[in-house]
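Undergrad: Structure file input.txt, compact mmCIF, C-alpha atoms, is pasted below:
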# COMPACT_ATOMS: atom_id res chain seq x y z
CA MET A 1 -11.84 -4.98 -4.97
CA LYS A 2 -11.94 -8.54 -3.67
CA ILE A 3 -11.11 -10.21 -0.40
CA THR A 4 -8.31 -12.67 -1.12
CA LEU A 5 -8.77 -16.08 0.50
CA ARG A 6 -5.69 -17.33 2.36
CA LEU A 7 -4.68 -20.30 4.46
CA LEU A 8 -4.34 -19.84 8.19
CA ALA A 9 -0.60 -19.46 7.92
CA LEU A 10 -1.36 -16.04 6.41
CA VAL A 11 -4.14 -14.97 8.75
CA ILE A 12 -1.91 -12.39 10.38
CA ALA A 13 -1.07 -11.05 6.92
CA LEU A 14 -4.79 -10.62 6.30
CA CYS A 15 -4.94 -8.39 9.33
CA MET A 16 -2.15 -6.31 7.76
CA ILE A 17 -4.70 -4.86 5.30
CA LEU A 18 -4.64 -1.82 7.58
CA ALA A 19 -1.01 -2.11 8.61
CA CYS A 20 -0.13 1.17 6.92
CA PHE A 21 -2.24 2.85 9.61
CA THR A 22 -1.09 0.85 12.62
CA GLY A 23 2.44 -0.37 12.03
CA CYS A 24 5.74 1.14 13.04
CA ALA A 25 5.29 4.82 12.19
CA LYS A 26 7.68 6.33 14.66
CA ASP A 27 5.68 9.47 15.38
CA GLU A 28 2.39 7.96 16.59
CA PRO A 29 0.71 9.44 19.67
CA VAL A 30 1.75 7.59 22.78
CA ALA A 31 -0.83 6.15 25.18
CA PRO A 32 -0.39 6.60 28.93
CA THR A 33 2.79 4.95 30.19
CA PRO A 34 1.99 1.82 32.23
CA GLU A 35 3.33 1.68 35.76
CA GLN A 36 5.58 -1.34 35.95
CA SER A 37 4.54 -3.67 38.71
CA THR A 38 3.90 -7.32 39.39
CA THR A 39 1.44 -8.29 36.70
CA PRO A 40 -1.87 -9.49 38.13
CA VAL A 41 -3.87 -12.24 36.52
CA PHE A 42 -5.37 -11.21 33.18
CA ASP A 43 -8.23 -13.35 31.90
CA ASP A 44 -10.73 -13.24 29.06
CA ASP A 45 -12.98 -10.89 30.98
CA THR A 46 -10.28 -8.38 31.91
CA LEU A 47 -11.25 -4.98 30.57
CA ILE A 48 -8.26 -3.06 29.18
CA LEU A 49 -9.89 0.00 27.66
CA THR A 50 -13.02 1.26 25.96
CA ILE A 51 -13.20 3.02 22.58
CA GLU A 52 -16.23 5.21 22.04
CA GLY A 53 -17.91 3.13 24.75
CA SER A 54 -17.00 -0.21 23.11
CA PRO A 55 -15.09 -2.50 25.52
CA VAL A 56 -11.75 -4.06 24.60
CA TYR A 57 -10.85 -7.14 26.62
CA TRP A 58 -7.51 -8.79 27.26
CA PRO A 59 -7.52 -11.48 24.49
CA GLU A 60 -8.08 -8.94 21.71
CA PHE A 61 -5.55 -6.50 23.12
CA THR A 62 -2.93 -9.24 23.51
CA TYR A 63 -3.33 -10.18 19.88
CA TRP A 64 -2.48 -6.62 18.84
CA LEU A 65 0.44 -6.42 21.26
CA ASN A 66 1.89 -9.54 19.66
CA TYR A 67 1.11 -8.26 16.18
CA SER A 68 2.81 -4.92 16.80
CA LEU A 69 5.84 -6.56 18.36
CA GLN A 70 6.38 -8.88 15.40
CA TYR A 71 5.56 -6.21 12.82
CA CYS A 72 8.35 -4.10 14.32
CA GLY A 73 10.79 -6.99 13.93
CA PHE A 74 10.89 -8.49 17.44
CA VAL A 75 10.29 -12.15 18.26
CA PRO A 76 8.35 -13.06 21.41
CA GLY A 77 10.33 -15.36 23.66
CA THR A 78 13.70 -13.81 22.82
CA ALA A 79 15.70 -11.33 24.85
CA ILE A 80 14.11 -7.93 24.31
CA ASP A 81 15.22 -4.66 25.86
CA TRP A 82 11.85 -3.12 26.62
CA ASP A 83 13.42 0.05 28.01
CA ALA A 84 15.41 0.75 24.83
CA PRO A 85 14.53 4.01 23.03
CA TYR A 86 12.10 3.47 20.17
CA GLY A 87 10.53 6.24 18.16
CA VAL A 88 10.50 9.81 19.41
CA GLY A 89 10.83 10.07 23.18
CA THR A 90 9.44 6.59 23.90
CA THR A 91 10.73 3.23 24.98
CA LEU A 92 9.97 0.06 23.04
CA GLU A 93 7.39 -0.99 25.62
CA GLU A 94 5.61 2.36 25.46
CA TYR A 95 5.61 2.24 21.70
CA ILE A 96 4.21 -1.31 21.43
CA LEU A 97 1.43 -0.47 23.88
CA ALA A 98 0.51 2.73 22.05
CA ASP A 99 0.62 0.96 18.68
CA ALA A 100 -1.71 -1.77 19.92
CA VAL A 101 -4.13 0.87 21.20
CA SER A 102 -4.04 2.58 17.79
CA ALA A 103 -4.77 -0.69 16.01
CA VAL A 104 -7.72 -1.55 18.25
CA ALA A 105 -9.07 1.99 17.88
CA LEU A 106 -8.81 1.79 14.10
CA TYR A 107 -10.70 -1.47 13.88
CA ARG A 108 -13.38 -0.26 16.31
CA MET A 109 -13.91 2.93 14.34
CA ILE A 110 -14.13 1.04 11.06
CA ASP A 111 -16.66 -1.27 12.68
CA GLN A 112 -18.74 1.62 13.99
CA ASN A 113 -18.52 3.83 10.91
CA ALA A 114 -19.47 0.95 8.63
CA GLU A 115 -22.76 0.65 10.45
CA LEU A 116 -23.35 4.41 10.36
CA MET A 117 -22.64 4.50 6.62
CA ASP A 118 -24.70 1.42 5.77
CA ALA A 119 -21.53 -0.34 4.67
CA GLY A 120 -21.80 -3.38 6.91
CA ILE A 121 -21.28 -7.05 6.16
CA THR A 122 -22.99 -8.39 3.03
CA ASP A 123 -24.11 -11.94 2.25
CA SER A 124 -21.11 -12.26 -0.06
CA ASP A 125 -18.81 -11.13 2.76
CA ARG A 126 -20.28 -13.76 5.06
CA GLU A 127 -19.68 -16.44 2.45
CA ASN A 128 -16.06 -15.31 2.02
CA ILE A 129 -15.46 -15.26 5.75
CA SER A 130 -17.01 -18.69 6.12
CA THR A 131 -14.80 -20.00 3.32
CA ILE A 132 -11.68 -18.54 4.92
CA MET A 133 -12.55 -19.99 8.31
CA LYS A 134 -13.17 -23.42 6.77
CA GLN A 135 -9.96 -23.32 4.77
CA ASN A 136 -8.07 -22.31 7.89
CA GLU A 137 -9.33 -25.31 9.82
CA ASP A 138 -8.85 -27.75 6.92
CA TYR A 139 -5.21 -26.70 6.64
CA PHE A 140 -4.49 -28.60 9.85
CA GLU A 141 -4.73 -32.31 10.53
CA SER A 142 -6.97 -31.91 13.56
CA LYS A 143 -9.17 -29.40 15.34
CA GLU A 144 -6.78 -29.49 18.29
CA GLU A 145 -3.78 -28.61 16.11
CA TYR A 146 -5.79 -25.78 14.59
CA ARG A 147 -6.74 -24.36 17.97
CA ASP A 148 -3.16 -24.70 19.22
CA TYR A 149 -1.99 -22.66 16.24
CA LEU A 150 -4.56 -19.99 16.93
CA SER A 151 -3.57 -19.87 20.58
CA SER A 152 0.12 -19.57 19.75
CA ASN A 153 -0.72 -16.45 17.72
CA TYR A 154 -3.00 -15.01 20.41
CA LEU A 155 -6.01 -15.67 18.22
CA SER A 156 -9.36 -17.34 18.68
CA GLU A 157 -11.91 -18.23 16.03
CA GLU A 158 -14.16 -15.51 17.35
CA LEU A 159 -11.45 -12.86 17.19
CA MET A 160 -10.30 -13.96 13.76
CA GLU A 161 -13.87 -13.76 12.46
CA TYR A 162 -14.18 -10.25 13.88
CA LEU A 163 -10.93 -9.14 12.22
CA LEU A 164 -12.02 -10.54 8.88
CA ALA A 165 -15.41 -8.88 9.22
CA CYS A 166 -13.73 -5.54 9.90
CA SER A 167 -11.58 -6.04 6.81
CA CYS A 168 -14.74 -6.54 4.75
CA LYS A 169 -16.26 -3.42 6.27
CA TYR A 170 -13.08 -1.51 5.48
CA TYR A 171 -13.51 -2.37 1.80
CA ASN A 172 -17.24 -1.68 1.90
CA ILE A 173 -16.69 1.83 3.28
CA PHE A 174 -14.09 2.45 0.58
CA ALA A 175 -16.50 1.34 -2.15
CA LYS A 176 -19.29 3.42 -0.66
CA MET A 177 -17.17 6.56 -0.62
CA PHE A 178 -14.95 6.18 -3.69
CA GLY A 179 -16.34 3.35 -5.82
CA GLU A 180 -14.99 -0.19 -6.10
CA ASN A 181 -11.75 0.98 -7.72
CA GLY A 182 -11.77 4.64 -6.80
CA GLU A 183 -13.78 5.63 -9.87
CA GLU A 184 -15.65 8.30 -7.91
CA VAL A 185 -12.45 10.31 -7.44
CA SER A 186 -12.43 13.38 -9.69
CA ASP A 187 -9.85 13.91 -12.43
CA THR A 188 -8.75 17.09 -10.66
CA ALA A 189 -8.07 15.27 -7.38
CA ALA A 190 -6.26 12.39 -9.08
CA ILE A 191 -4.06 14.66 -11.20
CA ALA A 192 -3.22 16.81 -8.16
CA PHE A 193 -2.25 13.69 -6.20
CA GLY A 194 -0.20 12.36 -9.09
CA THR A 195 1.62 15.66 -9.54
CA GLU A 196 2.37 15.87 -5.83
CA ASN A 197 3.71 12.31 -5.83
CA ASN A 198 5.94 12.64 -8.90
CA TYR A 199 3.86 10.83 -11.48
CA TYR A 200 4.87 11.44 -15.10
CA ARG A 201 3.69 10.18 -18.47
CA ALA A 202 5.52 10.15 -21.79
CA LYS A 203 6.12 8.24 -25.00
CA HIS A 204 9.21 8.10 -27.18
CA ILE A 205 10.73 7.02 -30.46
CA LEU A 206 13.74 4.89 -29.60
CA MET A 207 16.70 3.90 -31.72
CA SER A 208 18.30 1.14 -29.68
CA PHE A 209 22.03 0.50 -29.41
CA THR A 210 21.41 -3.28 -29.28
CA ASN A 211 19.44 -5.80 -31.30
CA ASP A 212 16.78 -8.18 -29.98
CA GLU A 213 19.51 -10.59 -28.81
CA GLY A 214 21.23 -7.84 -26.82
CA VAL A 215 24.20 -7.55 -29.20
CA ARG A 216 25.41 -3.97 -29.66
CA TYR A 217 25.25 -2.52 -33.13
CA SER A 218 28.44 -1.35 -34.84
CA SER A 219 29.49 2.29 -34.67
CA THR A 220 28.45 2.75 -38.27
CA GLU A 221 25.01 1.29 -37.64
CA ILE A 222 24.54 3.52 -34.58
CA GLU A 223 25.52 6.58 -36.63
CA GLU A 224 22.93 5.59 -39.23
CA LYS A 225 20.30 5.29 -36.52
CA TYR A 226 21.13 8.77 -35.28
CA ALA A 227 20.80 10.16 -38.80
CA LEU A 228 17.42 8.44 -39.17
CA LEU A 229 16.27 9.93 -35.88
CA GLU A 230 17.38 13.39 -37.03
CA ASP A 231 15.18 12.98 -40.09
CA ILE A 232 12.27 11.78 -37.94
CA LEU A 233 12.65 14.78 -35.64
CA ASN A 234 12.67 17.13 -38.62
CA GLN A 235 9.47 15.56 -39.97
CA ILE A 236 7.78 16.02 -36.60
CA LYS A 237 8.85 19.63 -36.14
CA THR A 238 7.82 20.65 -39.65
CA SER A 239 4.49 18.85 -39.51
CA ASP A 240 1.17 20.67 -39.36
CA ASP A 241 0.12 18.13 -36.72
CA PRO A 242 3.23 17.17 -34.70
CA LYS A 243 1.32 14.91 -32.30
CA ALA A 244 -0.20 12.81 -35.09
CA THR A 245 3.09 12.68 -36.99
CA PHE A 246 4.92 11.62 -33.83
CA ASP A 247 2.51 8.69 -33.38
CA ILE A 248 2.78 7.60 -37.01
CA LEU A 249 6.59 7.65 -36.97
CA MET A 250 6.75 6.03 -33.53
CA ALA A 251 4.65 3.11 -34.77
CA GLU A 252 6.84 2.77 -37.86
CA TYR A 253 10.34 3.25 -36.50
CA SER A 254 10.56 2.97 -32.71
CA GLU A 255 12.63 0.05 -31.47
CA ASP A 256 11.17 0.25 -27.96
CA ARG A 257 10.32 -3.33 -26.97
CA GLY A 258 7.63 -2.04 -24.62
CA LEU A 259 5.70 -0.28 -27.36
CA ILE A 260 3.31 -3.20 -27.91
CA ALA A 261 2.36 -3.28 -24.22
CA TYR A 262 2.28 0.52 -23.85
CA PRO A 263 1.19 1.97 -27.22
CA SER A 264 -0.16 5.16 -25.64
CA GLY A 265 2.97 5.83 -23.57
CA TYR A 266 4.34 5.11 -20.12
CA GLN A 267 2.90 6.43 -16.90
CA TYR A 268 5.56 6.17 -14.26
CA ILE A 269 6.89 7.53 -10.97
CA LYS A 270 10.10 9.53 -10.83
CA GLY A 271 12.95 7.06 -10.44
CA ASP A 272 11.42 4.44 -12.74
CA MET A 273 13.20 5.80 -15.82
CA VAL A 274 16.87 6.53 -16.50
CA GLU A 275 18.09 9.98 -15.52
CA GLU A 276 18.44 11.28 -19.08
CA PHE A 277 14.84 10.35 -19.91
CA GLN A 278 13.56 11.92 -16.68
CA ALA A 279 15.49 15.16 -17.18
CA ALA A 280 14.13 15.52 -20.70
CA VAL A 281 10.53 14.91 -19.60
CA GLU A 282 10.81 17.46 -16.78
CA SER A 283 12.07 20.07 -19.25
CA LEU A 284 8.93 19.75 -21.38
CA ASP A 285 5.35 20.97 -21.08
CA ASP A 286 2.49 18.58 -21.87
CA TYR A 287 2.75 17.46 -25.51
CA GLY A 288 6.14 19.10 -25.77
CA ILE A 289 8.68 17.20 -27.90
CA SER A 290 12.36 16.90 -27.04
CA ASN A 291 15.41 17.00 -29.23
CA ILE A 292 17.39 13.78 -29.56
CA VAL A 293 18.29 12.42 -26.13
CA THR A 294 21.08 9.94 -25.44
CA MET A 295 19.89 7.44 -22.84
CA GLY A 296 23.10 5.91 -21.49
CA ASP A 297 23.65 2.49 -23.06
CA TYR A 298 20.01 2.17 -24.18
CA GLY A 299 20.00 4.29 -27.31
CA TYR A 300 18.89 7.59 -28.82
CA THR A 301 15.32 8.78 -28.38
CA ILE A 302 12.85 11.57 -29.05
CA ILE A 303 10.38 12.07 -26.21
CA MET A 304 6.90 13.55 -26.06
CA ARG A 305 5.65 14.46 -22.60
CA LEU A 306 1.99 13.61 -21.94
CA PRO A 307 -0.47 14.71 -19.25
CA ILE A 308 -0.79 12.16 -16.48
CA ASP A 309 -3.83 9.91 -16.78
CA PRO A 310 -6.02 9.20 -13.72
CA ASP A 311 -7.04 5.83 -15.17
CA GLU A 312 -3.57 4.48 -15.89
CA ALA A 313 -1.25 2.63 -13.54
CA ALA A 314 2.41 3.44 -13.03
CA ILE A 315 4.56 0.90 -14.86
CA SER A 316 6.28 -0.03 -11.57
CA ASP A 317 2.99 -0.76 -9.76
CA PRO A 318 2.98 -4.54 -9.16
CA TYR A 319 -0.82 -4.61 -8.86
CA GLY A 320 -1.63 -2.39 -11.81
CA SER A 321 -3.67 -0.01 -9.66
CA THR A 322 -4.68 3.22 -11.36
CA LEU A 323 -3.69 6.66 -10.21
CA ARG A 324 -7.35 7.29 -9.43
CA TYR A 325 -7.40 4.27 -7.11
CA HIS A 326 -4.20 5.36 -5.33
CA THR A 327 -5.70 8.81 -4.81
CA ALA A 328 -8.81 7.28 -3.24
CA ASN A 329 -6.72 4.98 -1.07
CA HIS A 330 -4.59 7.89 0.15
CA GLU A 331 -7.66 9.93 1.05
CA TYR A 332 -9.24 6.97 2.79
CA GLU A 333 -6.11 6.22 4.82
CA ALA A 334 -6.03 9.81 6.03
CA LEU A 335 -9.71 9.66 6.98
CA ALA A 336 -9.36 6.33 8.81
CA ASN A 337 -6.33 7.65 10.68
CA THR A 338 -8.39 10.64 11.76
CA TRP A 339 -11.16 8.35 13.02
CA ALA A 340 -8.67 6.43 15.15
CA LEU A 341 -6.82 9.49 16.45
CA GLU A 342 -10.03 11.30 17.43
CA ALA A 343 -11.69 8.30 19.05
CA ASN A 344 -12.59 8.68 22.72
CA ILE A 345 -10.41 6.15 24.56
CA GLU A 346 -10.72 5.39 28.26
CA TYR A 347 -8.11 3.23 29.97
CA SER A 348 -8.95 0.82 32.76
CA ASP A 349 -6.83 0.40 35.89
CA MET A 350 -5.64 -2.95 34.53
CA TYR A 351 -3.99 -1.24 31.59
CA ASN A 352 -1.51 0.31 34.01
CA ASN A 353 -0.52 -3.17 35.22
CA ILE A 354 0.50 -4.56 31.83
CA ASP A 355 4.09 -5.82 31.85
CA LEU A 356 5.21 -6.81 28.36
CA ALA A 357 8.35 -8.52 29.65
CA ALA A 358 6.23 -10.82 31.77
CA ILE A 359 3.97 -11.58 28.81
CA PHE A 360 6.44 -12.06 25.96
CA ASP A 361 9.81 -12.92 27.51
Any chance you could give the structure as structure tokens?

TA:
Amino acid sequence: MKITLRLLALVIALCMILACFTGCAKDEPVAPTPEQSTTPVFDDDTLILTIEGSPVYWPEFTYWLNYSLQYCGFVPGTAIDWDAPYGVGTTLEEYILADAVSAVALYRMIDQNAELMDAGITDSDRENISTIMKQNEDYFESKEEYRDYLSSNYLSEELMEYLLACSCKYYNIFAKMFGENGEEVSDTAAIAFGTENNYYRAKHILMSFTNDEGVRYSSTEIEEKYALLEDILNQIKTSDDPKATFDILMAEYSEDRGLIAYPSGYQYIKGDMVEEFQAAVESLDDYGISNIVTMGDYGYTIIMRLPIDPDEAAISDPYGSTLRYHTANHEYEALANTWALEANIEYSDMYNNIDLAAIFD
């Protein structure tokens, strides 16, 4: 796993590495409701809360308030109904405050647990962070323009460096627990996760209704293809080794254009394939072979269901991440959420004076 270097315009996106934990889940625990009053002066030294004894001051908390607000689709400076219901039994203001607290808690707990697990910043991490910071500054024509941009996003160089460091520690903990790409996850755990999340794997021998240019074959040609597939199916079913025969005939006859890229079959998530293909796969046991299936306008096919593979990616995964990696990531997300939810949080008196309308409207 690598930290991707980005220009400053995407700094906030970098902080979204953990957004699946902190963003817009409508059932998050709600922090104490602030008492609305005339907002006193908040400065850099204003303590908002402490997490496991670690202080959180106003600049950092404001960044997360702004982040949560924008992540949930609201634009600071526009008319916002802060008293509108949002989530379960909360107003928008209550939700944004609670979400910001959750985000700060998550980052603090990652920071603290990284040290406990000897998964802190490495020399390579420091080089990456330094490169990012330099690229960020070079993106702008002047230091002043750069600092103005940071300020407009409730960021400082110090805070941005801390966020990037926590992101590195997040990855380092993951690698320590699960391996760089989740390779420490057992086959049993990965297969159980895949089964629970509707992963399937199969290969097929396709007789297509159209040629390589997309022109549909004649009715006679399609009938001939069906007859050929009947013969193929008979050869498979009468073979002493149906699996081997299936592979030989698939390589010789299948008109599936994806066969070159996926010679061992497709691993996919329910919904990726047409309904007829999915229904046939679900009717089979592992290594079971279907009768001839008509797949809508695609063609006729014979399908062999395969056991899901922990080290393959689903065909719809844009990043090509294996099932084993997704299992590790799911387990890690749950663990990190637990860290944040169980953290000891103490609120200062100033927390009760926060007025989001005064800050963002």

Undergrad: Hey, can you check how far CA of Leu164 in chain A sits from CA of Trp339 in chain A?

TA: 19.4 Å

Undergrad: In terms of the shortest atom-to-atom distance over all atoms listed in the file, which of A:Phe246, A:Tyr199, A:Tyr253, A:Tyr217 is closest to Glu312 in chain A?

TA: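 The shortest atom-to-atom distance to Glu312 in chain A comes from A:Tyr199.
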
Undergrad: Which residues are close to Leu356 in chain A, i.e. within 12 Å by all atoms listed in the file, leaving aside same-chain residues fewer than 2 positions away? Reply as a VMD selection string.

TA: chain A and resid 34 to 39 61 to 62 65 to 66 68 to 69 76 to 77 79 to 83 91 to 97 351 to 354 358 to 361

Undergrad: Mind checking which residues fall within 9 Å of range 264-281 of chain A, counting only C-alpha atoms, ignoring those fewer than 3 positions away in the same chain, and posting them as a VMD selection string?

TA: chain A and resid 194 197 to 204 247 259 261 284 to 285 288 to 291 293 to 296 301 303 to 306 308 to 309 312 to 317

Undergrad: Measure the distance from CA of Asp99 in chain A to CA of Gln70 in chain A in Å and round it to one decimal.

TA: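 Computing the Euclidean distance for CA of Asp99 in chain A and CA of Gln70 in chain A yields 11.9 Å.
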
Undergrad: Measuring between only C-alpha atoms, which one of A:Glu223, A:Glu183, A:Glu60, A:Glu333 shows the shortest distance to Tyr162 in chain A?

TA: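 Between A:Glu223, A:Glu183, A:Glu60, A:Glu333, the residue approaching Tyr162 in chain A most closely is A:Glu60.
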
Undergrad: Rounded to one decimal in Å, what is the spacing between CA of Pro242 in chain A and CA of Asp187 in chain A?

TA: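 These two atoms are separated by 26.0 Å.
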
Undergrad: Within 12 Å of (19.6, -3.0, -31.0), all atoms listed in the file: residues as a list of chain:residue names?

TA: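 Looking at atoms near the point gives A:Leu206, A:Met207, A:Ser208, A:Phe209, A:Thr210, A:Asn211, A:Asp212, A:Glu213, A:Gly214, A:Val215, A:Arg216, A:Tyr217, A:Ser218, A:Ser219, A:Glu221, A:Ile222, A:Lys225, A:Ser254, A:Glu255, A:Asp256, A:Arg257, A:Asp297, A:Tyr298, A:Gly299, A:Tyr300.
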
Undergrad: Could you write range 174-204 of chain A as a JSON list (two decimals), in the coordinates of the input, with N, CA and C atoms rebuilt where they are missing?

TA:
[["chain", "number", "residue", "atom", "x", "y", "z"],
["A", 174, "PHE", "N", -14.85, 1.92, 1.72],
["A", 174, "PHE", "CA", -14.09, 2.45, 0.58],
["A", 174, "PHE", "C", -14.98, 2.51, -0.66],
["A", 175, "ALA", "N", -15.65, 1.39, -0.96],
["A", 175, "ALA", "CA", -16.50, 1.34, -2.15],
["A", 175, "ALA", "C", -17.65, 2.33, -2.06],
["A", 176, "LYS", "N", -18.18, 2.49, -0.86],
["A", 176, "LYS", "CA", -19.29, 3.42, -0.66],
["A", 176, "LYS", "C", -18.85, 4.86, -0.93],
["A", 177, "MET", "N", -17.65, 5.19, -0.51],
["A", 177, "MET", "CA", -17.17, 6.56, -0.62],
["A", 177, "MET", "C", -16.53, 6.87, -1.98],
["A", 178, "PHE", "N", -15.78, 5.89, -2.52],
["A", 178, "PHE", "CA", -14.95, 6.18, -3.69],
["A", 178, "PHE", "C", -15.25, 5.32, -4.91],
["A", 179, "GLY", "N", -16.14, 4.31, -4.75],
["A", 179, "GLY", "CA", -16.34, 3.35, -5.82],
["A", 179, "GLY", "C", -15.42, 2.16, -5.64],
["A", 180, "GLU", "N", -15.74, 1.05, -6.29],
["A", 180, "GLU", "CA", -14.99, -0.19, -6.10],
["A", 180, "GLU", "C", -13.50, -0.01, -6.35],
["A", 181, "ASN", "N", -13.16, 0.77, -7.37],
["A", 181, "ASN", "CA", -11.75, 0.98, -7.72],
["A", 181, "ASN", "C", -11.35, 2.45, -7.71],
["A", 182, "GLY", "N", -12.09, 3.23, -6.91],
["A", 182, "GLY", "CA", -11.77, 4.64, -6.80],
["A", 182, "GLY", "C", -12.33, 5.48, -7.93],
["A", 183, "GLU", "N", -13.28, 4.92, -8.68],
["A", 183, "GLU", "CA", -13.78, 5.63, -9.87],
["A", 183, "GLU", "C", -14.54, 6.91, -9.55],
["A", 184, "GLU", "N", -14.94, 7.08, -8.29],
["A", 184, "GLU", "CA", -15.65, 8.30, -7.91],
["A", 184, "GLU", "C", -14.71, 9.49, -7.65],
["A", 185, "VAL", "N", -13.42, 9.23, -7.62],
["A", 185, "VAL", "CA", -12.45, 10.31, -7.44],
["A", 185, "VAL", "C", -12.41, 11.17, -8.70],
["A", 186, "SER", "N", -12.41, 12.48, -8.54],
["A", 186, "SER", "CA", -12.43, 13.38, -9.69],
["A", 186, "SER", "C", -11.08, 13.39, -10.40],
["A", 187, "ASP", "N", -11.10, 13.76, -11.68],
["A", 187, "ASP", "CA", -9.85, 13.91, -12.43],
["A", 187, "ASP", "C", -8.94, 14.93, -11.75],
["A", 188, "THR", "N", -9.54, 16.02, -11.29],
["A", 188, "THR", "CA", -8.75, 17.09, -10.66],
["A", 188, "THR", "C", -8.00, 16.57, -9.44],
["A", 189, "ALA", "N", -8.71, 15.81, -8.59],
["A", 189, "ALA", "CA", -8.07, 15.27, -7.38],
["A", 189, "ALA", "C", -6.98, 14.27, -7.73],
["A", 190, "ALA", "N", -7.24, 13.40, -8.71],
["A", 190, "ALA", "CA", -6.26, 12.39, -9.08],
["A", 190, "ALA", "C", -5.01, 13.02, -9.69],
["A", 191, "ILE", "N", -5.20, 13.99, -10.57],
["A", 191, "ILE", "CA", -4.06, 14.66, -11.20],
["A", 191, "ILE", "C", -3.25, 15.44, -10.16],
["A", 192, "ALA", "N", -3.94, 16.08, -9.22],
["A", 192, "ALA", "CA", -3.22, 16.81, -8.16],
["A", 192, "ALA", "C", -2.40, 15.85, -7.31],
["A", 193, "PHE", "N", -2.98, 14.69, -6.99],
["A", 193, "PHE", "CA", -2.25, 13.69, -6.20],
["A", 193, "PHE", "C", -1.07, 13.15, -6.99],
["A", 194, "GLY", "N", -1.29, 12.88, -8.27],
["A", 194, "GLY", "CA", -0.20, 12.36, -9.09],
["A", 194, "GLY", "C", 0.94, 13.36, -9.23],
["A", 195, "THR", "N", 0.60, 14.61, -9.42],
["A", 195, "THR", "CA", 1.62, 15.66, -9.54],
["A", 195, "THR", "C", 2.42, 15.78, -8.25],
["A", 196, "GLU", "N", 1.71, 15.76, -7.13],
["A", 196, "GLU", "CA", 2.37, 15.87, -5.83],
["A", 196, "GLU", "C", 3.28, 14.70, -5.55],
["A", 197, "ASN", "N", 2.94, 13.53, -6.11],
["A", 197, "ASN", "CA", 3.71, 12.31, -5.83],
["A", 197, "ASN", "C", 4.57, 11.87, -7.01],
["A", 198, "ASN", "N", 4.94, 12.85, -7.85],
["A", 198, "ASN", "CA", 5.94, 12.64, -8.90],
["A", 198, "ASN", "C", 5.54, 11.61, -9.94],
["A", 199, "TYR", "N", 4.28, 11.62, -10.35],
["A", 199, "TYR", "CA", 3.86, 10.83, -11.48],
["A", 199, "TYR", "C", 4.18, 11.60, -12.78],
["A", 200, "TYR", "N", 4.61, 10.85, -13.79],
["A", 200, "TYR", "CA", 4.87, 11.44, -15.10],
["A", 200, "TYR", "C", 4.32, 10.48, -16.17],
["A", 201, "ARG", "N", 4.15, 11.02, -17.36],
["A", 201, "ARG", "CA", 3.69, 10.18, -18.47],
["A", 201, "ARG", "C", 4.35, 10.70, -19.74],
["A", 202, "ALA", "N", 4.83, 9.77, -20.56],
["A", 202, "ALA", "CA", 5.52, 10.15, -21.79],
["A", 202, "ALA", "C", 5.58, 8.98, -22.75],
["A", 203, "LYS", "N", 5.84, 9.28, -24.01],
["A", 203, "LYS", "CA", 6.12, 8.24, -25.00],
["A", 203, "LYS", "C", 7.34, 8.67, -25.79],
["A", 204, "HIS", "N", 7.96, 7.73, -26.48],
["A", 204, "HIS", "CA", 9.21, 8.10, -27.18],
["A", 204, "HIS", "C", 9.43, 7.25, -28.41]]
